[in-house]
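Shown next: entry-v2.pdb, given as PDB, C-alpha atoms and all ligand atoms.
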```
ATOM      1  CA  MET J1028     -19.927  17.619 -11.044
ATOM      2  CA  LYS J1029     -18.645  15.453 -13.823
ATOM      3  CA  LYS J1030     -22.137  14.369 -14.772
ATOM      4  CA  ILE J1031     -23.406  17.922 -14.901
ATOM      5  CA  ALA J1032     -20.463  18.881 -17.077
ATOM      6  CA  VAL J1033     -21.196  16.007 -19.411
ATOM      7  CA  VAL J1034     -24.842  17.008 -19.667
ATOM      8  CA  ILE J1035     -23.918  20.609 -20.433
ATOM      9  CA  LEU J1036     -21.392  19.436 -22.999
ATOM     10  CA  LEU J1037     -23.953  17.182 -24.657
ATOM     11  CA  LEU J1038     -26.537  19.968 -24.736
ATOM     12  CA  THR J1039     -23.983  22.257 -26.292
ATOM     13  CA  VAL J1040     -23.176  19.716 -28.967
ATOM     14  CA  ILE J1041     -26.783  18.759 -29.640
ATOM     15  CA  THR J1042     -28.178  22.274 -29.894
ATOM     16  CA  GLY J1043     -25.118  23.605 -31.654
ATOM     17  CA  LEU J1044     -24.823  26.476 -29.205
ATOM     18  CA  CYS J1045     -21.608  28.377 -29.373
ATOM     19  CA  ALA J1046     -19.243  27.782 -26.523
ATOM     20  CA  CYS J1047     -19.831  30.894 -24.494
ATOM     21  CA  SER J1048     -19.039  28.997 -21.302
ATOM     22  CA  SER J1049     -15.335  29.717 -21.137
ATOM     23  CA  ALA J1050     -15.428  30.140 -17.364
ATOM     24  CA  GLU J1051     -15.356  26.661 -15.874
ATOM     25  CA  PRO J1052     -16.557  26.716 -12.284
ATOM     26  CA  GLU J1053     -13.742  26.348  -9.733
ATOM     27  CA  SER J1054     -15.448  23.400  -8.137
ATOM     28  CA  ASP J1055     -15.433  21.458 -11.364
ATOM     29  CA  LYS J1056     -12.085  19.873 -10.535
ATOM     30  CA  LEU J1057     -11.407  16.237 -11.212
ATOM     31  CA  THR J1058     -12.116  13.975  -8.265
ATOM     32  CA  VAL J1059      -9.813  11.058  -7.655
ATOM     33  CA  ILE J1060     -10.649   8.556  -4.916
ATOM     34  CA  THR J1061      -8.275   5.923  -3.562
ATOM     35  CA  THR J1062      -8.795   3.175  -1.003
ATOM     36  CA  ILE J1063      -5.420   3.220   0.785
ATOM     37  CA  PHE J1064      -2.510   5.577   1.397
ATOM     38  CA  PRO J1065       0.175   4.875  -1.245
ATOM     39  CA  PRO J1066      -2.003   5.650  -4.310
ATOM     40  CA  TYR J1067      -3.528   8.582  -2.426
ATOM     41  CA  ASP J1068      -0.064   9.984  -1.855
ATOM     42  CA  PHE J1069       1.027   9.428  -5.472
ATOM     43  CA  ALA J1070      -2.212  10.826  -6.920
ATOM     44  CA  ARG J1071      -2.072  14.000  -4.832
ATOM     45  CA  GLN J1072       1.505  14.638  -5.960
ATOM     46  CA  ILE J1073       0.661  13.928  -9.597
ATOM     47  CA  CYS J1074      -2.525  16.020  -9.595
ATOM     48  CA  GLY J1075      -1.242  18.993  -7.615
ATOM     49  CA  ASP J1076      -3.982  21.615  -7.541
ATOM     50  CA  LYS J1077      -5.769  20.232 -10.603
ATOM     51  CA  ALA J1078      -7.804  17.614  -8.783
ATOM     52  CA  GLU J1079      -9.341  16.785  -5.494
ATOM     53  CA  VAL J1080      -7.798  13.549  -4.225
ATOM     54  CA  LEU J1081      -9.549  11.656  -1.444
ATOM     55  CA  GLN J1082      -8.648   8.546   0.537
ATOM     56  CA  LEU J1083     -11.546   6.349   1.656
ATOM     57  CA  LEU J1084      -9.778   4.638   4.523
ATOM     58  CA  PRO J1085      -9.992   7.032   7.487
ATOM     59  CA  LEU J1086      -6.628   8.199   8.832
ATOM     60  CA  GLY J1087      -5.438   5.760  11.481
ATOM     61  CA  GLY J1088      -7.948   3.143  10.279
ATOM     62  CA  GLU J1089      -7.078  -0.499   9.751
ATOM     63  CA  SER J1090      -7.248  -1.255   6.032
ATOM     64  CA  HIS J1091      -8.028  -4.969   6.385
ATOM     65  CA  SER J1092     -11.288  -4.377   8.233
ATOM     66  CA  TYR J1093     -12.423  -1.326   6.254
ATOM     67  CA  GLU J1094     -15.975  -1.374   4.930
ATOM     68  CA  PRO J1095     -17.355   1.434   2.771
ATOM     69  CA  THR J1096     -20.148   3.612   4.131
ATOM     70  CA  ALA J1097     -23.144   4.697   2.049
ATOM     71  CA  LYS J1098     -21.454   8.088   1.714
ATOM     72  CA  ASP J1099     -18.281   6.428   0.402
ATOM     73  CA  ILE J1100     -20.272   4.547  -2.226
ATOM     74  CA  ILE J1101     -21.941   7.749  -3.421
ATOM     75  CA  ALA J1102     -18.537   9.437  -3.591
ATOM     76  CA  ILE J1103     -17.140   6.529  -5.623
ATOM     77  CA  SER J1104     -20.078   6.633  -8.038
ATOM     78  CA  ASN J1105     -19.442  10.346  -8.680
ATOM     79  CA  CYS J1106     -15.668  10.377  -8.989
ATOM     80  CA  ASP J1107     -13.647  10.737 -12.175
ATOM     81  CA  LEU J1108     -11.142   8.043 -11.260
ATOM     82  CA  PHE J1109     -11.289   5.373  -8.578
ATOM     83  CA  ILE J1110      -8.003   3.708  -7.644
ATOM     84  CA  TYR J1111      -8.076   0.463  -5.675
ATOM     85  CA  ASN J1112      -5.561  -2.196  -4.909
ATOM     86  CA  GLY J1113      -7.372  -5.333  -6.025
ATOM     87  CA  GLY J1114      -6.362  -7.654  -3.217
ATOM     88  CA  GLU J1115      -8.235  -9.555  -0.571
ATOM     89  CA  SER J1116      -8.723  -6.432   1.560
ATOM     90  CA  ASP J1117     -10.837  -4.697  -1.011
ATOM     91  CA  ALA J1118     -12.889  -7.646  -2.166
ATOM     92  CA  TRP J1119     -15.871  -5.339  -1.618
ATOM     93  CA  VAL J1120     -14.829  -3.132  -4.532
ATOM     94  CA  GLU J1121     -15.864  -5.310  -7.475
ATOM     95  CA  GLU J1122     -19.325  -5.765  -6.043
ATOM     96  CA  ILE J1123     -19.837  -2.028  -5.742
ATOM     97  CA  LEU J1124     -18.423  -1.341  -9.194
ATOM     98  CA  ASN J1125     -20.794  -3.928 -10.674
ATOM     99  CA  SER J1126     -23.764  -2.319  -8.955
ATOM    100  CA  LEU J1127     -23.190   1.163 -10.402
ATOM    101  CA  ASP J1128     -25.712   2.294 -13.023
ATOM    102  CA  THR J1129     -23.086   4.327 -14.821
ATOM    103  CA  PRO J1130     -19.661   2.706 -14.908
ATOM    104  CA  ILE J1131     -16.785   4.825 -13.647
ATOM    105  CA  LYS J1132     -13.137   4.918 -14.610
ATOM    106  CA  THR J1133     -11.073   2.676 -12.384
ATOM    107  CA  LEU J1134      -7.467   1.708 -11.902
ATOM    108  CA  LYS J1135      -6.708  -1.602 -10.233
ATOM    109  CA  MET J1136      -3.173  -1.353  -8.889
ATOM    110  CA  THR J1137      -2.444  -5.082  -8.948
ATOM    111  CA  ASP J1138      -2.927  -4.958 -12.747
ATOM    112  CA  THR J1139       0.049  -2.599 -13.050
ATOM    113  CA  VAL J1140       2.695  -4.931 -11.567
ATOM    114  CA  THR J1141       3.606  -8.597 -11.472
ATOM    115  CA  ALA J1142       1.658  -9.966  -8.534
ATOM    116  CA  LEU J1143       3.368 -12.564  -6.374
ATOM    117  CA  LYS J1144       1.663 -15.359  -4.488
ATOM    118  CA  GLU J1145       1.457 -14.866  -0.778
ATOM    119  CA  GLU J1146       4.181 -16.961   0.710
ATOM    120  CA  TYR J1147       4.060 -19.130   3.774
ATOM    121  CA  VAL J1148       7.635 -19.481   4.932
ATOM    122  CA  ASP J1149       8.802 -21.906   7.589
ATOM    123  CA  GLY J1150       7.626 -21.171  11.074
ATOM    124  CA  MET J1151       4.769 -18.922  10.053
ATOM    125  CA  GLN J1152       1.570 -19.285  11.985
ATOM    126  CA  THR J1153      -1.177 -20.120   9.495
ATOM    127  CA  GLU J1154      -4.874 -20.669   9.886
ATOM    128  CA  GLU J1155      -4.463 -24.376   9.215
ATOM    129  CA  HIS J1156      -3.167 -24.712  12.739
ATOM    130  CA  ASP J1157      -6.067 -22.898  14.286
ATOM    131  CA  HIS J1158      -8.994 -25.260  14.557
ATOM    132  CA  ASP J1159     -11.407 -22.693  15.906
ATOM    133  CA  HIS J1160     -11.276 -20.838  12.628
ATOM    134  CA  ASN J1161     -13.617 -21.566   9.768
ATOM    135  CA  HIS J1162     -11.911 -23.596   7.125
ATOM    136  CA  ASP J1163     -12.789 -21.874   3.856
ATOM    137  CA  SER J1164     -10.238 -23.789   1.888
ATOM    138  CA  HIS J1165      -6.990 -22.138   2.733
ATOM    139  CA  ASP J1166      -5.712 -21.497  -0.744
ATOM    140  CA  VAL J1167      -2.834 -19.106  -0.981
ATOM    141  CA  GLY J1168      -3.853 -15.954  -2.839
ATOM    142  CA  TYR J1169      -1.799 -13.171  -4.299
ATOM    143  CA  ASP J1170       0.044 -11.008  -1.842
ATOM    144  CA  GLU J1171      -1.580  -7.605  -2.099
ATOM    145  CA  HIS J1172       1.202  -5.436  -0.646
ATOM    146  CA  ILE J1173       2.623  -4.596  -4.037
ATOM    147  CA  TRP J1174       3.548  -1.019  -3.136
ATOM    148  CA  THR J1175       6.209  -2.046  -0.588
ATOM    149  CA  SER J1176       8.687  -2.364  -3.463
ATOM    150  CA  PRO J1177       9.702   1.119  -4.671
ATOM    151  CA  GLU J1178      10.100  -0.368  -8.145
ATOM    152  CA  ASN J1179       6.407  -1.277  -8.101
ATOM    153  CA  ALA J1180       5.608   2.163  -6.692
ATOM    154  CA  VAL J1181       7.075   3.626  -9.892
ATOM    155  CA  LYS J1182       4.791   1.451 -12.019
ATOM    156  CA  ILE J1183       1.770   2.419  -9.946
ATOM    157  CA  ALA J1184       2.600   6.141 -10.148
ATOM    158  CA  VAL J1185       3.039   5.961 -13.924
ATOM    159  CA  ALA J1186      -0.275   4.099 -14.307
ATOM    160  CA  ILE J1187      -2.042   6.753 -12.207
ATOM    161  CA  CYS J1188      -0.502   9.485 -14.341
ATOM    162  CA  ASN J1189      -1.605   7.793 -17.582
ATOM    163  CA  GLU J1190      -5.178   7.546 -16.345
ATOM    164  CA  ILE J1191      -5.376  11.134 -15.161
ATOM    165  CA  ALA J1192      -3.623  12.584 -18.192
ATOM    166  CA  GLY J1193      -6.059  10.588 -20.336
ATOM    167  CA  ILE J1194      -9.048  12.075 -18.543
ATOM    168  CA  ASP J1195      -7.780  15.663 -18.424
ATOM    169  CA  THR J1196      -5.771  15.823 -21.640
ATOM    170  CA  GLU J1197      -5.510  19.603 -21.535
ATOM    171  CA  ASN J1198      -3.251  19.394 -18.481
ATOM    172  CA  SER J1199      -1.396  16.230 -19.430
ATOM    173  CA  LYS J1200       1.990  17.981 -19.482
ATOM    174  CA  TYR J1201       1.423  19.193 -15.933
ATOM    175  CA  TYR J1202       0.681  15.638 -14.760
ATOM    176  CA  THR J1203       3.598  14.051 -16.574
ATOM    177  CA  ASP J1204       6.007  16.669 -15.172
ATOM    178  CA  ASN J1205       4.795  16.014 -11.635
ATOM    179  CA  THR J1206       5.042  12.273 -12.188
ATOM    180  CA  GLU J1207       8.576  12.558 -13.502
ATOM    181  CA  ALA J1208       9.635  14.359 -10.312
ATOM    182  CA  LEU J1209       7.962  11.705  -8.162
ATOM    183  CA  VAL J1210       9.392   8.816 -10.159
ATOM    184  CA  ASN J1211      12.911  10.253  -9.929
ATOM    185  CA  GLU J1212      12.581  10.332  -6.151
ATOM    186  CA  LEU J1213      11.257   6.768  -6.107
ATOM    187  CA  TYR J1214      14.210   5.580  -8.185
ATOM    188  CA  ARG J1215      16.578   7.352  -5.792
ATOM    189  CA  LEU J1216      14.880   5.620  -2.883
ATOM    190  CA  ASP J1217      15.170   2.278  -4.653
ATOM    191  CA  SER J1218      18.872   2.711  -5.362
ATOM    192  CA  ASP J1219      19.529   3.839  -1.765
ATOM    193  CA  PHE J1220      17.951   0.604  -0.528
ATOM    194  CA  THR J1221      20.000  -1.394  -3.050
ATOM    195  CA  ASP J1222      23.198   0.360  -1.921
ATOM    196  CA  PHE J1223      22.419  -0.237   1.724
ATOM    197  CA  PHE J1224      21.534  -3.914   1.383
ATOM    198  CA  GLY J1225      24.717  -4.336  -0.620
ATOM    199  CA  THR J1226      26.602  -3.608   2.620
ATOM    200  CA  VAL J1227      24.608  -6.060   4.743
ATOM    201  CA  GLU J1228      26.069  -9.488   5.312
ATOM    202  CA  ASN J1229      23.051 -11.388   6.584
ATOM    203  CA  LYS J1230      20.091 -10.095   4.578
ATOM    204  CA  LEU J1231      17.524 -11.564   6.953
ATOM    205  CA  LEU J1232      14.483  -9.870   8.481
ATOM    206  CA  ILE J1233      12.621 -11.465  11.374
ATOM    207  CA  PHE J1234       9.151 -10.108  12.114
ATOM    208  CA  GLY J1235       7.333 -10.780  15.369
ATOM    209  CA  ASP J1236       4.255  -9.670  13.498
ATOM    210  CA  ARG J1237       2.464  -9.943  10.162
ATOM    211  CA  PHE J1238       4.757  -9.731   7.169
ATOM    212  CA  PRO J1239       3.446  -7.351   4.472
ATOM    213  CA  PHE J1240       6.916  -6.834   2.931
ATOM    214  CA  ARG J1241       6.988  -9.712   0.450
ATOM    215  CA  TYR J1242       7.606  -7.428  -2.567
ATOM    216  CA  PHE J1243      10.176  -5.394  -0.679
ATOM    217  CA  ALA J1244      12.044  -8.561   0.310
ATOM    218  CA  ASP J1245      11.830  -9.865  -3.235
ATOM    219  CA  ARG J1246      13.198  -6.648  -4.701
ATOM    220  CA  TYR J1247      16.342  -6.649  -2.528
ATOM    221  CA  SER J1248      16.813 -10.432  -2.259
ATOM    222  CA  LEU J1249      16.116 -10.506   1.476
ATOM    223  CA  ARG J1250      15.256 -13.635   3.422
ATOM    224  CA  TYR J1251      12.609 -13.410   6.079
ATOM    225  CA  PHE J1252      10.822 -15.204   8.852
ATOM    226  CA  ALA J1253       7.652 -13.923  10.456
ATOM    227  CA  ALA J1254       5.049 -14.877  12.993
ATOM    228  CA  PHE J1255       2.139 -14.411  10.570
ATOM    229  CA  PRO J1256       1.524 -13.899   6.827
ATOM    230  CA  GLY J1257       0.874 -10.433   5.364
ATOM    231  CA  CYS J1258      -2.825  -9.886   5.966
ATOM    232  CA  SER J1259      -3.376 -12.338   8.803
ATOM    233  CA  ASP J1260      -5.605 -11.195  11.628
ATOM    234  CA  GLU J1261      -3.945 -13.538  14.094
ATOM    235  CA  THR J1262      -2.163 -12.081  17.084
ATOM    236  CA  GLU J1263      -1.151 -15.115  19.139
ATOM    237  CA  PRO J1264       1.694 -17.196  17.777
ATOM    238  CA  SER J1265       1.648 -20.874  18.598
ATOM    239  CA  ALA J1266       4.378 -22.248  20.844
ATOM    240  CA  ALA J1267       5.943 -23.826  17.758
ATOM    241  CA  THR J1268       6.062 -20.506  15.878
ATOM    242  CA  ALA J1269       7.561 -18.708  18.874
ATOM    243  CA  ALA J1270      10.146 -21.441  19.385
ATOM    244  CA  PHE J1271      11.034 -21.405  15.674
ATOM    245  CA  LEU J1272      11.581 -17.639  15.652
ATOM    246  CA  ILE J1273      13.638 -17.724  18.861
ATOM    247  CA  GLU J1274      15.839 -20.428  17.401
ATOM    248  CA  LYS J1275      16.331 -18.365  14.210
ATOM    249  CA  ILE J1276      17.132 -15.182  16.145
ATOM    250  CA  LYS J1277      19.838 -17.073  18.036
ATOM    251  CA  SER J1278      21.322 -19.181  15.234
ATOM    252  CA  GLU J1279      21.341 -16.327  12.714
ATOM    253  CA  LYS J1280      22.687 -13.850  15.306
ATOM    254  CA  VAL J1281      19.980 -11.337  14.474
ATOM    255  CA  GLY J1282      20.144  -8.086  16.465
ATOM    256  CA  CYS J1283      16.615  -6.792  16.007
ATOM    257  CA  ILE J1284      13.094  -8.093  15.648
ATOM    258  CA  TYR J1285      10.617  -6.000  13.683
ATOM    259  CA  TYR J1286       6.956  -5.136  13.994
ATOM    260  CA  ILE J1287       4.658  -3.062  11.784
ATOM    261  CA  GLU J1288       2.758   0.202  12.253
ATOM    262  CA  PHE J1289      -0.543   0.143  14.170
ATOM    263  CA  SER J1290       0.607  -3.054  15.907
ATOM    264  CA  ASN J1291       0.721  -3.502  19.663
ATOM    265  CA  HIS J1292       4.109  -5.237  19.087
ATOM    266  CA  ALA J1293       3.400  -7.662  21.946
ATOM    267  CA  VAL J1294       4.804 -10.651  20.053
ATOM    268  CA  ALA J1295       7.971  -8.806  19.015
ATOM    269  CA  ASP J1296       8.421  -7.569  22.610
ATOM    270  CA  THR J1297       8.120 -11.054  24.064
ATOM    271  CA  LEU J1298      10.540 -12.582  21.554
ATOM    272  CA  ALA J1299      12.986  -9.706  22.063
ATOM    273  CA  GLU J1300      12.839 -10.144  25.824
ATOM    274  CA  ASP J1301      13.421 -13.884  25.553
ATOM    275  CA  THR J1302      16.463 -13.391  23.339
ATOM    276  CA  GLY J1303      17.880 -10.094  24.614
ATOM    277  CA  ILE J1304      17.663  -8.234  21.299
ATOM    278  CA  GLU J1305      15.974  -4.947  20.380
ATOM    279  CA  THR J1306      12.741  -4.233  18.511
ATOM    280  CA  ALA J1307      12.006  -1.685  15.784
ATOM    281  CA  MET J1308       9.055  -0.670  13.641
ATOM    282  CA  LEU J1309       9.033  -0.894   9.853
ATOM    283  CA  HIS J1310       6.165   0.988   8.222
ATOM    284  CA  SER J1311       4.292  -0.901   5.524
ATOM    285  CA  CYS J1312       2.430   2.266   4.398
ATOM    286  CA  HIS J1313      -1.093   0.778   4.252
ATOM    287  CA  ASN J1314      -2.311   3.897   6.023
ATOM    288  CA  ILE J1315      -1.027   6.719   8.204
ATOM    289  CA  THR J1316      -2.277   8.392  11.363
ATOM    290  CA  LYS J1317      -3.756  11.867  11.615
ATOM    291  CA  ALA J1318      -0.528  13.052  13.283
ATOM    292  CA  GLU J1319       1.568  11.612  10.435
ATOM    293  CA  PHE J1320      -0.737  13.219   7.898
ATOM    294  CA  ASP J1321      -0.485  16.611   9.627
ATOM    295  CA  SER J1322       3.294  16.381   9.672
ATOM    296  CA  GLY J1323       3.345  15.937   5.885
ATOM    297  CA  CYS J1324       4.180  12.231   5.734
ATOM    298  CA  THR J1325       4.568  10.707   2.286
ATOM    299  CA  TYR J1326       5.232   7.199   1.011
ATOM    300  CA  ILE J1327       8.794   8.288   0.375
ATOM    301  CA  SER J1328       9.295   9.779   3.848
ATOM    302  CA  LEU J1329       7.938   6.594   5.458
ATOM    303  CA  MET J1330      10.188   4.389   3.340
ATOM    304  CA  ARG J1331      13.178   6.628   4.123
ATOM    305  CA  GLN J1332      12.333   6.235   7.792
ATOM    306  CA  ASN J1333      12.410   2.454   7.192
ATOM    307  CA  LEU J1334      15.809   2.786   5.538
ATOM    308  CA  GLU J1335      17.160   4.687   8.565
ATOM    309  CA  THR J1336      15.756   2.048  10.911
ATOM    310  CA  LEU J1337      17.349  -0.737   8.874
ATOM    311  CA  GLU J1338      20.680   1.088   8.795
ATOM    312  CA  LYS J1339      20.629   1.248  12.592
ATOM    313  CA  THR J1340      19.490  -2.312  13.185
ATOM    314  CA  MET J1341      20.975  -4.516  10.419
ATOM    315  CA  LYS J1342      24.653  -5.183  10.268
TER     316      LYS J1342
HETATM  317 ZN    ZN J1401      -2.318  -5.800   4.206
END
```
How does the structure come out when it is put into structure tokens?
Amino acid sequence: MKKIAVVILLLTVITGLCACSSAEPESDKLTVITTIFPPYDFARQICGDKAEVLQLLPLGGESHSYEPTAKDIIAISNCDLFIYNGGESDAWVEEILNSLDTPIKTLKMTDTVTALKEEYVDGMQTEEHDHDHNHDSHDVGYDEHIWTSPENAVKIAVAICNEIAGIDTENSKYYTDNTEALVNELYRLDSDFTDFFGTVENKLLIFGDRFPFRYFADRYSLRYFAAFPGCSDETEPSAATAAFLIEKIKSEKVGCIYYIEFSNHAVADTLAEDTGIETAMLHSCHNITKAEFDSGCTYISLMRQNLETLEKTMK
């Protein structure tokens, strides 16, 4: 659509025809494509009815193993704005962008915040210990889960707004108004987390799972221990990792062990059973299920659900 519009515009300019085409076709909306859920959610709120916003990752799909289909690549090449995260999980993006004949407008989310190195805290199961794995030099990259800090979510939302308002200048006020409403809610969320953690004595999270909450923990000065790093595909903790976490649960008098969405929570269950504590899910918002989508889930509703869970399980 965009290309056709550009061609028509060029023809109009070149031939000096008067602009008798006041009626823009309905279908000539902006198209915004995102890889994962948080920017999808922000973009749809910012764009309202002025754009079609699409998420590439299928609902319920695992973002770390996502690979674009031919249809996805065509959609990307035709969109007005493509928003991607820029981490390890979408390493495929740059290659596709480089292969496009006509470059498209893109927003790389990790460029909008201060990226932190992925951290390997004590006890974490890393690939170095797994000798069946291929050893492509295990250098620690940037942690890609930037959106788990509401403060970063604000920066991402503002960057999305700037891009869209720059493309569709006529409606820029509409986009900035929508963004202001969203940002106000994100700030409220952020201050509610700050208030809550201010009441918590032992600001320690123990995950019997991957830990994609590095930025969240950083924002609220939380300590953490976890079975695996953020994007690890490992599911079996070593005996040493399990023993380390059990010791921490006991010595720190932790009442709950956490797992993430789309996880079978087997590790958390086992550790909880061994130590007699409870388990709870914290949603890292990579993606949502069809049921969550149908019920109107947003980044903010998922993070508020996390806040409620933390209020019940952290003392
Ligand atoms: Zn991840």
For the file shown, what are the residues hit by the PyMOL selection byres (((chain J and resi 1140-1151) around 9) and not hetatm), laid out as a PDB file with C-alpha atoms, in the coordinates of the input?
```
ATOM      1  CA  MET J1136      -3.173  -1.353  -8.889  1.00  0.00           C
ATOM      2  CA  THR J1137      -2.444  -5.082  -8.948  1.00  0.00           C
ATOM      3  CA  ASP J1138      -2.927  -4.958 -12.747  1.00  0.00           C
ATOM      4  CA  THR J1139       0.049  -2.599 -13.050  1.00  0.00           C
ATOM      5  CA  GLN J1152       1.570 -19.285  11.985  1.00  0.00           C
ATOM      6  CA  THR J1153      -1.177 -20.120   9.495  1.00  0.00           C
ATOM      7  CA  VAL J1167      -2.834 -19.106  -0.981  1.00  0.00           C
ATOM      8  CA  GLY J1168      -3.853 -15.954  -2.839  1.00  0.00           C
ATOM      9  CA  TYR J1169      -1.799 -13.171  -4.299  1.00  0.00           C
ATOM     10  CA  ASP J1170       0.044 -11.008  -1.842  1.00  0.00           C
ATOM     11  CA  GLU J1171      -1.580  -7.605  -2.099  1.00  0.00           C
ATOM     12  CA  ILE J1173       2.623  -4.596  -4.037  1.00  0.00           C
ATOM     13  CA  ASN J1179       6.407  -1.277  -8.101  1.00  0.00           C
ATOM     14  CA  LYS J1182       4.791   1.451 -12.019  1.00  0.00           C
ATOM     15  CA  ILE J1183       1.770   2.419  -9.946  1.00  0.00           C
ATOM     16  CA  ARG J1241       6.988  -9.712   0.450  1.00  0.00           C
ATOM     17  CA  TYR J1242       7.606  -7.428  -2.567  1.00  0.00           C
ATOM     18  CA  TYR J1251      12.609 -13.410   6.079  1.00  0.00           C
ATOM     19  CA  PHE J1252      10.822 -15.204   8.852  1.00  0.00           C
ATOM     20  CA  ALA J1253       7.652 -13.923  10.456  1.00  0.00           C
ATOM     21  CA  ALA J1254       5.049 -14.877  12.993  1.00  0.00           C
ATOM     22  CA  PHE J1255       2.139 -14.411  10.570  1.00  0.00           C
ATOM     23  CA  PRO J1256       1.524 -13.899   6.827  1.00  0.00           C
ATOM     24  CA  GLY J1257       0.874 -10.433   5.364  1.00  0.00           C
ATOM     25  CA  PRO J1264       1.694 -17.196  17.777  1.00  0.00           C
ATOM     26  CA  ALA J1267       5.943 -23.826  17.758  1.00  0.00           C
ATOM     27  CA  THR J1268       6.062 -20.506  15.878  1.00  0.00           C
ATOM     28  CA  ALA J1269       7.561 -18.708  18.874  1.00  0.00           C
ATOM     29  CA  ALA J1270      10.146 -21.441  19.385  1.00  0.00           C
ATOM     30  CA  PHE J1271      11.034 -21.405  15.674  1.00  0.00           C
ATOM     31  CA  LEU J1272      11.581 -17.639  15.652  1.00  0.00           C
TER      32      LEU J1272
END
```
Apply the PyMOL selection byres (((not hetatm)) within 12 of (chain J and resi 1401)) to the displayed file and report the matching residues as a ChimeraX atom specification. /J:1063-1064,1089-1093,1112-1117,1145,1169-1175,1237-1241,1255-1260,1287-1289,1310-1314
I need the residue nearest Ile1194 of chain J from this list: J:Lys1275, J:Lys1342, J:Arg1246, J:Lys1056. Use all atoms listed in the file for the distance. J:Lys1056
Can you spell out as a short mmCIF file (atom, residue, chain, number, x, y, z; two decimals) with C-alpha atoms, keeping the file's coordinate frame the set of residues that the PyMOL selection byres (((chain J and resi 1304-1306) around 6) and not hetatm) selects in the structure I just provided?
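Result written to result_22.cif:
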```cif
data_model
loop_
_atom_site.label_atom_id
_atom_site.label_comp_id
_atom_site.auth_asym_id
_atom_site.auth_seq_id
_atom_site.Cartn_x
_atom_site.Cartn_y
_atom_site.Cartn_z
CA GLY J 1282 20.14 -8.09 16.46
CA CYS J 1283 16.61 -6.79 16.01
CA ILE J 1284 13.09 -8.09 15.65
CA TYR J 1285 10.62 -6.00 13.68
CA ALA J 1299 12.99 -9.71 22.06
CA THR J 1302 16.46 -13.39 23.34
CA GLY J 1303 17.88 -10.09 24.61
CA ALA J 1307 12.01 -1.68 15.78
#
```
Which of these, J:Thr1096, J:Gln1072, J:Asn1105, J:Gln1332, has the shortest distance to Thr1203 of chain J once you count all atoms listed in the file?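 Result for the nearest residue to Thr1203 of chain J: J:Gln1072.
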